[in-house]
Each structure stands twice: as C-alpha cells, then as structure tokens.
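Only one structure is covered here, and it is reproduced in the block below.
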Amino acid sequence: MAWDFSTEPEFAAELDWARRFLEEEIYPLEVLDLDHGTFRRLAAPLQERVKERGLWAAHLDPELGGRGFGQLKLGLLHEVLGRSELAPFVFGCQAPDSGNAELIALAGTEEQKRRWLDPLLDGRILSAFAMTEQGTGSDPRQFTTRAERDGDEWVLTGRKWMVGNASRGDLHIVLAVTEPDADPHHRMSMLLVPGDAPGIRVRDLGLMNDPGGENPVWAHGEVDYDGVRVPAENLLGGRGEAFTLAQRRLGPGRIHHCMRWIGVCRRAFDMLAERAVSIAVHGGPLADKQTVQNWVADSAAAIEAARLLTLQTAWRIDQVGAPAARTEIAMIKYHGATVLHDVLDRAVQVHGSLGFTTDMPLEQMYRWARAARIYDGPDEVHRVSVARRLLRDYTPTPVPSEHVPTRRAAALARFTEILEHPLETVS
C-alpha cells in the first residue's frame, strides 16, 4: 500500500488563496446581522470571484463545471472552508445543494438535468433533501411518506422532518415509499418536487444554534406533503432505488462534513492558544498552567489524528470507491464529532465567561457542533456498524489464540528435538 502525504504546489497555492479569501472577504460578513436575502446579495460577487478562480462547485466532475479533484483534494479544501459556516455557500458546495446536484448528475435524465441541475450548479436556485421523519430515528425502513402512481402523475403524501432548505428550496428531493411490498432496501424512490407545488406546507424549526430560525445560510423545517402531484417523469432514478442512491450521496458527503469540522477545530484551537498566552491569573499566564497545557496538547493531537483518519478515508474512496470504505467513513463520523465537541469545549472553558457570551463566536460554534453527533446518522449507529464489520473477521475459539500455556505446548512439540539435543545443533 502506497502513501503520499504531499500536496502538489499548484493545489497548495489554491488552498492558500482560499484561506486568504476567507480571512479577507468572508470573515467580515460573519459579524453583520444578515438575513438570508441580504447575505445572498453580498455573497453573489464573491461567488463570481470563486468561479473565476476555478474553485466553484469543486466537488463536481469537469463536465459539470467542477475540477474533478477527487475526495482527497476536496477534503483539504473543505478543511479550509470549514473555518466559516458562510464559506461553503460562497464556494458553491453547501449542503444540501452539493449532494443534491451529485444525485441529479448521477441518476437524472437529460431533461431533469436541464431543468434542475444546471440552475442548481450555477447557484441560481436552492434545493432541499427531504429524507428523515420524526420518530423513526436512523431507521429508514420505518418511513411512512408515500407516493402512489395515479395515471401520469405521482401523488405524494406524508410528513418529513429536519428538511434542510425546506422553506427556501426551489426543488425538494423527497424519499417516499412507492413499493410497499418490496424488501426493506427497495421500498423507496426519489421524487423531484418543485418547492412551490400545491399541497406543500412548511413549518420552520428553531435549532439549538439558531433558536429564531434566522441563520443567513441554513434553514430547517418540518414539511407536510398533502396530496402533492408531480409528473411521472419526476422520478429520480428507478423505482425502489432511493436507498441505494441515498447511500451514494451520504458516504462521500461525510468526508466533507468531517474535514469542515477540522476547520472549525483549527479556528477554535487558534482562539484557545491565543487566549492562553494573553491572560495571566494566579501569578502567571494561562499558558504556564498545566491544565491549560494539557488542553493545548490534547487538542492538537486529537485534531491531527482526526484529520489523518479523514484524509486516509478520502484517499481510500479515491482508490477503491465509497462502498469499499464504509467502515472508515463511519469511523470518521463519530470520531470527528467527538473531537469537534472536545476542542470547542476546551476553547470555551479557557475563555471563561467571555467564551459563554456572544462576544466570541465560540458559543455559537459549540451549539452547532452538538448536531454533529446526530445528523448523517447518530454516532451510536455508526459505532455499531463499525463494530459489526470489524468483528466479522474474527471467529469464536474455545481457547484464546494468545493463550500462553497452549502456545508453549505447541512450541515445545515443534522444537522438542532441538531442545533435547542442544549441542548437536551447534555448528
């Protein structure tokens, strides 16, 4: 197995440009009280500069306007973008639009691509991904939203929960049961539903990090689809293929999430370290206190470990594909979420009461980070899946394989003659 931890100079220059662009152009927007519309107006000229640089929608293949970077390079770029929640939108790779674009590119017809993919890639429309349902946990087999065929139309009925971009999406990609008698993994299909279709009702949700639902980038809602009718040709992919398509979408997407978390961690670490060398208490700077030194050292090691594990997973996807990297993808999700929480928690703690106020960005970052242990599947589910896959390589044995008395008996049997006649073996 070959390993290459180098980044070619040309791509390193792109990362440096993106880092400066965030610091000079995007960070200042964070401290303004922007609504969604105003943010989009301010972001528009920045998006044009990103397009001119060739970094717009970099997750896509060249024929779709991207750079075909592959997951490893994308991971490195998302590490930079993760330092600000506004940055992915400016770079055209924000959730759920990035994943939705990949879905339509993967499974859409030419007409579907013309109507929805082209404006989505250009940033002219937004989209929503309506998958989860309240009370079903992480088990899609319990979804009850249905779509029934009625002549040349699908009739969609049900309620979806925590739908990103629900009230802002010009397009909803909805997972619905169309094959109720099929096996659990082939019951659902995906439908392309215009956001203004009759029968759609959205209730915006307040979140722990955004109680008033006023975030300029993100919005989440509960959506009722009450007899919503869409043409039969709005089926995305084949009947019963939603589960497979969703896995294709969610796997690589977790790489992007986890690398963005590394970006958040690095920004929080910078705040932690700056505070440690800036404040003196009890006769000396915080940086001289052993507890703070432990926080610095543990945070640095945890960030690097999570980063390398995530980049290794990205490299593996590039080499053998996402299905063959399912174990690694699950590991980085729950491991990265834990690191994210711990680093932010230490950064808040070292700032004391200042870290608890909105005078620092840490409190908002901390509240948003709590969701990382839930979305894209709860950490507990990913841990179970990893454990099951790893344990498949082991078989039960009545005596432990490393049992010393048993190994000694086998070794004695193997070397009995030599041990009984030691002098005869010496040349």
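Just remember, in the structure tokens the first chain shown is A, the second B, etc., residues are 1-based per chain, and ligands are 1-based in the order shown.
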Name all residues at most 9 Å from Phe89 (chain A) (count only C-alpha atoms; drop same-chain ones fewer than 2 positions away) and give them as a tab-separated table (two decimals) with N, CA, C and O atoms, in the first residue's frame.
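Saved result, out_28.tsv, follows:
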chain	number	residue	atom	x	y	z
A	40	ARG	N	-27.26	36.59	0.49
A	40	ARG	CA	-27.10	36.12	-0.89
A	40	ARG	C	-26.65	37.26	-1.80
A	40	ARG	O	-25.85	37.04	-2.72
A	43	ALA	N	-23.04	37.79	-1.09
A	43	ALA	CA	-22.24	36.63	-1.50
A	43	ALA	C	-22.08	36.55	-3.01
A	43	ALA	O	-21.10	35.97	-3.50
A	47	GLN	N	-19.03	34.90	-5.04
A	47	GLN	CA	-19.19	33.68	-5.80
A	47	GLN	C	-18.58	33.81	-7.20
A	47	GLN	O	-17.98	32.86	-7.72
A	85	GLU	N	-18.93	29.08	8.57
A	85	GLU	CA	-20.13	28.43	8.06
A	85	GLU	C	-20.66	29.12	6.81
A	85	GLU	O	-21.50	28.56	6.09
A	86	LEU	N	-20.19	30.34	6.51
A	86	LEU	CA	-20.62	31.04	5.32
A	86	LEU	C	-19.86	30.60	4.07
A	86	LEU	O	-20.33	30.79	2.95
A	87	ALA	N	-18.68	30.03	4.25
A	87	ALA	CA	-17.78	29.77	3.13
A	87	ALA	C	-18.32	28.74	2.13
A	87	ALA	O	-18.21	28.96	0.92
A	91	PHE	N	-18.58	29.15	-2.04
A	91	PHE	CA	-17.83	28.28	-2.94
A	91	PHE	C	-18.72	27.28	-3.69
A	91	PHE	O	-18.23	26.41	-4.38
A	92	GLY	N	-20.04	27.38	-3.51
A	92	GLY	CA	-20.95	26.53	-4.25
A	92	GLY	C	-20.92	25.07	-3.86
A	92	GLY	O	-21.20	24.19	-4.69
A	93	CYS	N	-20.60	24.79	-2.61
A	93	CYS	CA	-20.54	23.39	-2.18
A	93	CYS	C	-21.26	23.19	-0.86
A	93	CYS	O	-20.89	22.33	-0.06
A	94	GLN	N	-22.31	23.98	-0.61
A	94	GLN	CA	-23.04	23.88	0.64
A	94	GLN	C	-24.05	22.73	0.60
A	94	GLN	O	-24.57	22.38	-0.45
A	95	ALA	N	-24.26	22.15	1.78
A	95	ALA	CA	-25.33	21.16	1.92
A	95	ALA	C	-26.66	21.90	2.04
A	95	ALA	O	-26.71	23.01	2.58
A	123	GLY	N	-25.91	28.20	-9.03
A	123	GLY	CA	-26.25	28.94	-7.83
A	123	GLY	C	-27.49	29.79	-7.96
A	123	GLY	O	-27.76	30.63	-7.10
A	217	VAL	N	-27.62	31.35	6.21
A	217	VAL	CA	-27.32	30.27	5.27
A	217	VAL	C	-28.27	29.10	5.43
A	217	VAL	O	-28.88	28.63	4.47
DSSP helix (DSSP H, G or I) residues within region 293-416 of chain A, listed as a compact mmCIF listing (two decimals) with N, CA, C and O atoms, in the first residue's frame:
# COMPACT_ATOMS: atom_id res chain seq x y z
N GLN A 293 -2.03 23.61 29.47
CA GLN A 293 -1.06 22.94 28.60
C GLN A 293 -1.59 21.59 28.13
O GLN A 293 -1.42 21.19 26.97
N ASN A 294 -2.25 20.87 29.04
CA ASN A 294 -2.86 19.59 28.65
C ASN A 294 -3.94 19.81 27.59
O ASN A 294 -4.06 19.03 26.63
N TRP A 295 -4.76 20.84 27.77
CA TRP A 295 -5.81 21.13 26.78
C TRP A 295 -5.20 21.41 25.42
O TRP A 295 -5.69 20.94 24.40
N VAL A 296 -4.14 22.21 25.41
CA VAL A 296 -3.47 22.54 24.15
C VAL A 296 -2.90 21.28 23.49
O VAL A 296 -3.12 21.01 22.30
N ALA A 297 -2.18 20.50 24.27
CA ALA A 297 -1.53 19.30 23.72
C ALA A 297 -2.55 18.27 23.26
O ALA A 297 -2.44 17.71 22.16
N ASP A 298 -3.58 18.03 24.09
CA ASP A 298 -4.59 17.03 23.73
C ASP A 298 -5.40 17.47 22.51
O ASP A 298 -5.73 16.65 21.65
N SER A 299 -5.70 18.75 22.43
CA SER A 299 -6.46 19.25 21.29
C SER A 299 -5.66 19.12 20.00
O SER A 299 -6.19 18.70 18.96
N ALA A 300 -4.39 19.50 20.06
CA ALA A 300 -3.55 19.41 18.87
C ALA A 300 -3.44 17.97 18.37
O ALA A 300 -3.56 17.70 17.17
N ALA A 301 -3.23 17.04 19.28
CA ALA A 301 -3.11 15.64 18.89
C ALA A 301 -4.42 15.10 18.33
O ALA A 301 -4.44 14.38 17.33
N ALA A 302 -5.53 15.45 18.98
CA ALA A 302 -6.84 14.96 18.53
C ALA A 302 -7.19 15.50 17.15
O ALA A 302 -7.72 14.78 16.29
N ILE A 303 -6.88 16.78 16.90
CA ILE A 303 -7.17 17.37 15.60
C ILE A 303 -6.36 16.67 14.51
O ILE A 303 -6.89 16.31 13.45
N GLU A 304 -5.08 16.46 14.76
CA GLU A 304 -4.24 15.81 13.76
C GLU A 304 -4.68 14.37 13.51
O GLU A 304 -4.68 13.90 12.37
N ALA A 305 -5.05 13.66 14.57
CA ALA A 305 -5.49 12.28 14.40
C ALA A 305 -6.78 12.21 13.58
O ALA A 305 -6.91 11.38 12.67
N ALA A 306 -7.73 13.09 13.90
CA ALA A 306 -8.99 13.10 13.14
C ALA A 306 -8.74 13.50 11.70
O ALA A 306 -9.35 12.95 10.76
N ARG A 307 -7.85 14.44 11.48
CA ARG A 307 -7.53 14.89 10.12
C ARG A 307 -6.93 13.76 9.30
O ARG A 307 -7.34 13.51 8.16
N LEU A 308 -5.96 13.06 9.87
CA LEU A 308 -5.31 11.99 9.12
C LEU A 308 -6.26 10.84 8.85
O LEU A 308 -6.24 10.23 7.77
N LEU A 309 -7.11 10.50 9.81
CA LEU A 309 -8.08 9.44 9.61
C LEU A 309 -9.06 9.82 8.49
O LEU A 309 -9.41 8.99 7.65
N THR A 310 -9.45 11.09 8.47
CA THR A 310 -10.38 11.54 7.44
C THR A 310 -9.72 11.56 6.07
O THR A 310 -10.30 11.12 5.06
N LEU A 311 -8.49 12.05 6.00
CA LEU A 311 -7.79 12.07 4.71
C LEU A 311 -7.48 10.67 4.22
O LEU A 311 -7.51 10.40 3.02
N GLN A 312 -7.18 9.76 5.14
CA GLN A 312 -6.97 8.37 4.74
C GLN A 312 -8.24 7.80 4.12
O GLN A 312 -8.21 7.09 3.11
N THR A 313 -9.39 8.13 4.73
CA THR A 313 -10.67 7.66 4.20
C THR A 313 -10.93 8.26 2.82
O THR A 313 -11.39 7.56 1.91
N ALA A 314 -10.64 9.54 2.67
CA ALA A 314 -10.81 10.18 1.37
C ALA A 314 -9.91 9.53 0.33
O ALA A 314 -10.34 9.28 -0.81
N TRP A 315 -8.68 9.27 0.69
CA TRP A 315 -7.74 8.59 -0.21
C TRP A 315 -8.27 7.21 -0.59
O TRP A 315 -8.22 6.81 -1.76
N ARG A 316 -8.82 6.50 0.38
CA ARG A 316 -9.33 5.16 0.10
C ARG A 316 -10.53 5.22 -0.85
O ARG A 316 -10.67 4.38 -1.74
N ILE A 317 -11.40 6.22 -0.69
CA ILE A 317 -12.53 6.37 -1.60
C ILE A 317 -12.02 6.62 -3.02
O ILE A 317 -12.53 6.06 -3.99
N ASP A 318 -11.00 7.47 -3.14
CA ASP A 318 -10.42 7.73 -4.46
C ASP A 318 -9.85 6.46 -5.08
O ASP A 318 -9.88 6.29 -6.30
N GLN A 319 -9.31 5.57 -4.23
CA GLN A 319 -8.66 4.37 -4.75
C GLN A 319 -9.63 3.24 -5.07
O GLN A 319 -9.53 2.59 -6.12
N VAL A 320 -10.59 3.00 -4.17
CA VAL A 320 -11.43 1.80 -4.31
C VAL A 320 -12.92 2.11 -4.29
O VAL A 320 -13.74 1.18 -4.42
N ALA A 322 -16.44 4.49 -2.58
CA ALA A 322 -17.08 4.66 -1.28
C ALA A 322 -17.61 3.36 -0.67
O ALA A 322 -17.48 3.15 0.53
N PRO A 323 -18.22 2.45 -1.46
CA PRO A 323 -18.74 1.22 -0.84
C PRO A 323 -17.67 0.41 -0.12
O PRO A 323 -17.94 -0.21 0.90
N ALA A 324 -16.45 0.43 -0.64
CA ALA A 324 -15.37 -0.33 -0.01
C ALA A 324 -14.77 0.39 1.18
O ALA A 324 -13.91 -0.18 1.87
N ALA A 325 -15.20 1.62 1.43
CA ALA A 325 -14.66 2.40 2.55
C ALA A 325 -15.73 2.69 3.59
O ALA A 325 -15.61 3.65 4.35
N ARG A 326 -16.75 1.86 3.65
CA ARG A 326 -17.86 2.13 4.55
C ARG A 326 -17.42 2.15 6.01
O ARG A 326 -17.91 2.98 6.80
N THR A 327 -16.53 1.27 6.39
CA THR A 327 -16.08 1.24 7.78
C THR A 327 -15.35 2.51 8.14
O THR A 327 -15.61 3.14 9.19
N GLU A 328 -14.43 2.94 7.27
CA GLU A 328 -13.68 4.17 7.54
C GLU A 328 -14.59 5.39 7.56
O GLU A 328 -14.41 6.30 8.38
N ILE A 329 -15.57 5.44 6.66
CA ILE A 329 -16.49 6.57 6.61
C ILE A 329 -17.26 6.68 7.91
O ILE A 329 -17.46 7.78 8.45
N ALA A 330 -17.70 5.55 8.43
CA ALA A 330 -18.44 5.57 9.70
C ALA A 330 -17.54 5.98 10.86
O ALA A 330 -17.95 6.73 11.75
N MET A 331 -16.29 5.51 10.85
CA MET A 331 -15.38 5.84 11.95
C MET A 331 -15.10 7.33 12.02
O MET A 331 -15.09 7.92 13.11
N ILE A 332 -14.84 7.96 10.87
CA ILE A 332 -14.51 9.38 10.93
C ILE A 332 -15.69 10.20 11.40
O ILE A 332 -15.52 11.27 12.00
N LYS A 333 -16.91 9.71 11.15
CA LYS A 333 -18.08 10.48 11.56
C LYS A 333 -18.16 10.57 13.07
O LYS A 333 -18.25 11.66 13.64
N TYR A 334 -18.12 9.43 13.76
CA TYR A 334 -18.28 9.51 15.22
C TYR A 334 -17.01 9.99 15.91
O TYR A 334 -17.07 10.66 16.93
N HIS A 335 -15.87 9.67 15.34
CA HIS A 335 -14.63 10.14 15.95
C HIS A 335 -14.49 11.64 15.75
O HIS A 335 -14.15 12.38 16.70
N GLY A 336 -14.75 12.12 14.56
CA GLY A 336 -14.63 13.55 14.28
C GLY A 336 -15.60 14.39 15.09
O GLY A 336 -15.25 15.48 15.56
N ALA A 337 -16.82 13.90 15.28
CA ALA A 337 -17.81 14.64 16.06
C ALA A 337 -17.36 14.79 17.51
O ALA A 337 -17.57 15.84 18.14
N THR A 338 -16.74 13.75 18.04
CA THR A 338 -16.24 13.81 19.42
C THR A 338 -15.10 14.80 19.56
O THR A 338 -15.05 15.60 20.51
N VAL A 339 -14.17 14.75 18.62
CA VAL A 339 -13.05 15.70 18.64
C VAL A 339 -13.56 17.13 18.54
O VAL A 339 -13.10 18.03 19.26
N LEU A 340 -14.50 17.36 17.63
CA LEU A 340 -15.07 18.68 17.46
C LEU A 340 -15.64 19.22 18.77
O LEU A 340 -15.36 20.35 19.18
N HIS A 341 -16.42 18.41 19.43
CA HIS A 341 -17.01 18.83 20.71
C HIS A 341 -15.95 19.13 21.74
O HIS A 341 -15.99 20.16 22.42
N ASP A 342 -14.97 18.24 21.87
CA ASP A 342 -13.97 18.39 22.93
C ASP A 342 -13.11 19.63 22.73
O ASP A 342 -12.80 20.36 23.69
N VAL A 343 -12.68 19.88 21.50
CA VAL A 343 -11.84 21.05 21.24
C VAL A 343 -12.62 22.33 21.51
O VAL A 343 -12.11 23.26 22.15
N LEU A 344 -13.85 22.39 21.04
CA LEU A 344 -14.66 23.58 21.29
C LEU A 344 -14.92 23.78 22.78
O LEU A 344 -14.91 24.91 23.28
N ASP A 345 -15.17 22.69 23.48
CA ASP A 345 -15.44 22.79 24.91
C ASP A 345 -14.24 23.37 25.64
O ASP A 345 -14.38 24.23 26.53
N ARG A 346 -13.03 22.93 25.28
CA ARG A 346 -11.83 23.46 25.93
C ARG A 346 -11.63 24.94 25.58
O ARG A 346 -11.22 25.74 26.43
N ALA A 347 -11.93 25.29 24.33
CA ALA A 347 -11.76 26.68 23.92
C ALA A 347 -12.72 27.60 24.68
O ALA A 347 -12.35 28.70 25.10
N VAL A 348 -13.95 27.14 24.87
CA VAL A 348 -14.91 27.91 25.66
C VAL A 348 -14.41 28.03 27.10
O VAL A 348 -14.42 29.11 27.70
N GLN A 349 -13.94 26.94 27.65
CA GLN A 349 -13.52 26.93 29.05
C GLN A 349 -12.36 27.87 29.30
O GLN A 349 -12.33 28.58 30.31
N VAL A 350 -11.38 27.90 28.40
CA VAL A 350 -10.21 28.74 28.63
C VAL A 350 -10.57 30.22 28.53
O VAL A 350 -9.87 31.08 29.09
N HIS A 351 -11.68 30.54 27.83
CA HIS A 351 -12.13 31.92 27.75
C HIS A 351 -13.03 32.32 28.92
O HIS A 351 -13.39 33.49 29.07
N SER A 353 -16.03 33.24 31.19
CA SER A 353 -17.34 33.84 30.91
C SER A 353 -17.37 34.49 29.53
O SER A 353 -18.43 34.55 28.88
N LEU A 354 -16.23 34.98 29.03
CA LEU A 354 -16.20 35.57 27.69
C LEU A 354 -16.58 34.54 26.64
O LEU A 354 -17.30 34.85 25.69
N GLY A 355 -16.11 33.31 26.80
CA GLY A 355 -16.44 32.27 25.85
C GLY A 355 -17.90 31.89 25.84
O GLY A 355 -18.41 31.33 24.87
N PHE A 356 -18.59 32.21 26.95
CA PHE A 356 -20.02 31.88 27.08
C PHE A 356 -20.90 32.95 26.45
O PHE A 356 -22.10 32.75 26.28
N LEU A 362 -17.40 31.38 19.74
CA LEU A 362 -17.31 30.01 20.26
C LEU A 362 -18.64 29.44 20.70
O LEU A 362 -18.94 28.26 20.49
N GLU A 363 -19.47 30.28 21.35
CA GLU A 363 -20.72 29.74 21.89
C GLU A 363 -21.63 29.28 20.76
O GLU A 363 -22.29 28.23 20.88
N GLN A 364 -21.66 29.98 19.63
CA GLN A 364 -22.49 29.56 18.51
C GLN A 364 -21.90 28.32 17.85
O GLN A 364 -22.62 27.39 17.47
N MET A 365 -20.58 28.28 17.71
CA MET A 365 -19.91 27.11 17.15
C MET A 365 -20.17 25.89 18.02
O MET A 365 -20.39 24.78 17.51
N TYR A 366 -20.15 26.10 19.33
CA TYR A 366 -20.35 25.00 20.28
C TYR A 366 -21.76 24.42 20.14
O TYR A 366 -21.95 23.20 20.12
N ARG A 367 -22.74 25.31 20.04
CA ARG A 367 -24.13 24.83 19.93
C ARG A 367 -24.38 24.12 18.61
O ARG A 367 -25.09 23.12 18.56
N TRP A 368 -23.78 24.62 17.54
CA TRP A 368 -23.95 23.97 16.24
C TRP A 368 -23.23 22.63 16.21
O TRP A 368 -23.70 21.66 15.60
N ALA A 369 -22.10 22.55 16.90
CA ALA A 369 -21.32 21.31 16.91
C ALA A 369 -22.10 20.17 17.56
O ALA A 369 -21.87 19.00 17.23
N ARG A 370 -23.01 20.48 18.44
CA ARG A 370 -23.77 19.41 19.11
C ARG A 370 -24.57 18.59 18.10
O ARG A 370 -24.79 17.39 18.29
N ALA A 371 -24.97 19.23 17.00
CA ALA A 371 -25.74 18.50 15.99
C ALA A 371 -24.90 17.47 15.26
O ALA A 371 -25.43 16.52 14.67
N ALA A 372 -23.57 17.62 15.28
CA ALA A 372 -22.69 16.71 14.54
C ALA A 372 -22.84 15.27 15.00
O ALA A 372 -22.59 14.34 14.23
N ARG A 373 -23.23 15.07 16.24
CA ARG A 373 -23.38 13.71 16.76
C ARG A 373 -24.71 13.09 16.36
O ARG A 373 -24.98 11.92 16.67
N ASP A 379 -24.15 8.95 16.13
CA ASP A 379 -22.86 8.31 16.35
C ASP A 379 -23.01 6.86 16.81
O ASP A 379 -22.22 5.99 16.45
N GLU A 380 -24.04 6.62 17.64
CA GLU A 380 -24.22 5.27 18.17
C GLU A 380 -24.44 4.24 17.06
O GLU A 380 -23.94 3.11 17.13
N VAL A 381 -25.19 4.63 16.04
CA VAL A 381 -25.46 3.72 14.92
C VAL A 381 -24.17 3.44 14.15
O VAL A 381 -23.90 2.30 13.75
N HIS A 382 -23.36 4.47 13.94
CA HIS A 382 -22.11 4.27 13.21
C HIS A 382 -21.15 3.39 14.01
O HIS A 382 -20.44 2.55 13.44
N ARG A 383 -21.13 3.56 15.32
CA ARG A 383 -20.28 2.69 16.14
C ARG A 383 -20.70 1.24 16.02
O ARG A 383 -19.86 0.33 15.92
N VAL A 384 -22.00 1.01 16.05
CA VAL A 384 -22.50 -0.37 15.92
C VAL A 384 -22.10 -0.96 14.58
O VAL A 384 -21.64 -2.12 14.50
N SER A 385 -22.25 -0.18 13.51
CA SER A 385 -21.93 -0.71 12.18
C SER A 385 -20.44 -1.01 12.05
O SER A 385 -20.04 -2.01 11.46
N VAL A 386 -19.60 -0.13 12.63
CA VAL A 386 -18.16 -0.38 12.58
C VAL A 386 -17.81 -1.65 13.36
O VAL A 386 -17.05 -2.51 12.90
N ALA A 387 -18.35 -1.77 14.57
CA ALA A 387 -18.06 -2.95 15.38
C ALA A 387 -18.48 -4.23 14.68
O ALA A 387 -17.74 -5.23 14.66
N ARG A 388 -19.65 -4.22 14.06
CA ARG A 388 -20.13 -5.42 13.39
C ARG A 388 -19.21 -5.82 12.24
O ARG A 388 -18.88 -7.00 12.06
N ARG A 389 -18.78 -4.82 11.45
CA ARG A 389 -17.91 -5.14 10.31
C ARG A 389 -16.55 -5.65 10.79
O ARG A 389 -16.00 -6.60 10.21
N LEU A 390 -16.00 -5.02 11.81
CA LEU A 390 -14.70 -5.45 12.30
C LEU A 390 -14.76 -6.85 12.90
O LEU A 390 -13.84 -7.66 12.71
N LEU A 391 -15.83 -7.14 13.61
CA LEU A 391 -15.93 -8.44 14.28
C LEU A 391 -16.18 -9.59 13.32
O LEU A 391 -16.00 -10.76 13.68
N VAL A 404 -1.02 -18.45 26.58
CA VAL A 404 0.41 -18.79 26.67
C VAL A 404 0.65 -20.28 26.92
O VAL A 404 1.50 -20.89 26.26
N PRO A 405 -0.05 -20.95 27.86
CA PRO A 405 0.21 -22.39 28.04
C PRO A 405 -0.03 -23.21 26.76
O PRO A 405 0.74 -24.12 26.46
N THR A 406 -1.07 -22.87 26.03
CA THR A 406 -1.35 -23.60 24.80
C THR A 406 -0.27 -23.33 23.76
O THR A 406 0.20 -24.24 23.07
N ARG A 407 0.16 -22.10 23.65
CA ARG A 407 1.22 -21.76 22.70
C ARG A 407 2.53 -22.42 23.10
O ARG A 407 3.32 -22.86 22.25
N ARG A 408 2.79 -22.49 24.45
CA ARG A 408 4.03 -23.12 24.91
C ARG A 408 4.05 -24.59 24.55
O ARG A 408 5.08 -25.14 24.10
N ALA A 409 2.90 -25.27 24.74
CA ALA A 409 2.83 -26.70 24.40
C ALA A 409 3.10 -26.91 22.92
O ALA A 409 3.82 -27.85 22.53
N ALA A 410 2.54 -26.06 22.06
CA ALA A 410 2.75 -26.19 20.63
C ALA A 410 4.21 -25.92 20.27
O ALA A 410 4.80 -26.61 19.41
N ALA A 411 4.81 -24.93 20.93
CA ALA A 411 6.22 -24.61 20.65
C ALA A 411 7.13 -25.74 21.11
O ALA A 411 8.10 -26.08 20.42
N LEU A 412 6.82 -26.32 22.26
CA LEU A 412 7.64 -27.45 22.75
C LEU A 412 7.56 -28.64 21.80
O LEU A 412 8.57 -29.30 21.52
N ALA A 413 6.36 -28.90 21.29
CA ALA A 413 6.21 -30.00 20.35
C ALA A 413 7.00 -29.75 19.08
O ALA A 413 7.59 -30.68 18.50
N ARG A 414 7.07 -28.51 18.67
CA ARG A 414 7.77 -28.17 17.43
C ARG A 414 9.28 -28.25 17.59
O ARG A 414 9.99 -28.69 16.67
N PHE A 415 9.77 -27.83 18.76
CA PHE A 415 11.21 -27.73 18.93
C PHE A 415 11.78 -28.78 19.90
O PHE A 415 12.89 -28.62 20.40
N THR A 416 11.04 -29.86 20.15
CA THR A 416 11.47 -30.86 21.14
C THR A 416 12.84 -31.41 20.84
O THR A 416 13.73 -31.48 21.71
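Minimum atom-to-atom distances from A:Pro285, A:Gly37, A:Pro88, A:Gly352 to Ala57 (chain A) were compared using only C-alpha atoms, and the lowest value belongs to A:Pro88.
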*Counting only C-alpha atoms, the residue of A:Glu274, A:Glu148, A:Asp122, A:Asp196 that sits nearest Val177 (chain A)*: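 Checking each of A:Glu274, A:Glu148, A:Asp122, A:Asp196 against Val177 (chain A), counting only C-alpha atoms, the winner is A:Glu148.
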Residues near Pro140 (chain A), cut-off 9 Å, only C-alpha atoms, skip fewer than 6 positions along chain, as a tab-separated table (two decimals) with N, CA and C atoms, in the first residue's frame:
chain	number	residue	atom	x	y	z
A	131	MET	N	-35.65	13.58	3.60
A	131	MET	CA	-35.48	12.16	3.85
A	131	MET	C	-36.05	11.75	5.21
A	132	THR	N	-35.60	12.37	6.28
A	132	THR	CA	-35.90	11.87	7.62
A	132	THR	C	-37.34	12.17	8.04
A	133	GLU	N	-37.82	11.36	8.98
A	133	GLU	CA	-39.16	11.53	9.53
A	133	GLU	C	-39.08	11.44	11.04
A	184	PRO	N	-36.97	-4.36	2.44
A	184	PRO	CA	-36.77	-3.06	3.10
A	184	PRO	C	-35.87	-2.09	2.35
A	185	HIS	N	-34.92	-2.58	1.59
A	185	HIS	CA	-33.99	-1.68	0.92
A	185	HIS	C	-34.44	-1.28	-0.48
A	243	PHE	N	-32.84	4.08	-1.57
A	243	PHE	CA	-31.89	3.71	-0.53
A	243	PHE	C	-30.48	3.66	-1.09
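All residues of protein, DNA or RNA that reach within 7 Å of Pro216 (chain A), judged by only C-alpha atoms and not counting those fewer than 3 positions away in the chain, are Leu34, Asp35, His36 and Phe39 of chain A.
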Could those selected residues go to a file with N, CA and C atoms, as a PDB file, in the first residue's frame?
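Listing of part_36.pdb after writing:
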ATOM      1  N   LEU A  34     -27.156  39.660   9.185  1.00  0.00           N
ATOM      2  CA  LEU A  34     -27.671  39.496   7.830  1.00  0.00           C
ATOM      3  C   LEU A  34     -28.835  38.518   7.797  1.00  0.00           C
ATOM      4  N   ASP A  35     -29.881  38.875   7.050  1.00  0.00           N
ATOM      5  CA  ASP A  35     -30.900  37.879   6.753  1.00  0.00           C
ATOM      6  C   ASP A  35     -30.467  37.116   5.497  1.00  0.00           C
ATOM      7  N   HIS A  36     -31.258  36.114   5.139  1.00  0.00           N
ATOM      8  CA  HIS A  36     -30.852  35.236   4.037  1.00  0.00           C
ATOM      9  C   HIS A  36     -30.723  35.999   2.725  1.00  0.00           C
ATOM     10  N   PHE A  39     -27.634  38.305   2.705  1.00  0.00           N
ATOM     11  CA  PHE A  39     -26.416  37.508   2.589  1.00  0.00           C
ATOM     12  C   PHE A  39     -26.203  37.042   1.152  1.00  0.00           C
TER      13      PHE A  39
END
*Can you work out which one of A:Ala276, A:Ala128, A:Leu46, A:Ala176 has the shortest atom-to-atom distance to Pro194 (chain A), counting only C-alpha atoms?*
A:Ala128
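Considering only C-alpha atoms, the residue among A:Met190, A:Asp97, A:Leu106, A:Glu241 positioned nearest to Asp170 (chain A) is A:Asp97.
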*For Ala273 (chain A), which residue out of A:Pro9, A:Leu286, A:Gly195, A:Asn165 is the nearest one, using only C-alpha atoms?*
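Closest to Ala273 (chain A) of all the choices is A:Leu286.
Take the candidates A:Gly169, A:Val90, A:Trp154, A:Pro231 and check each one against Glu48 (chain A) using only C-alpha atoms; the shortest distance goes to A:Val90.
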*asked:* As an exercise, work out the distance from CA of Ile104 (chain A) to CA of Gln134 (chain A) in Å and give it to one decimal place.
replied: 25.8 Å
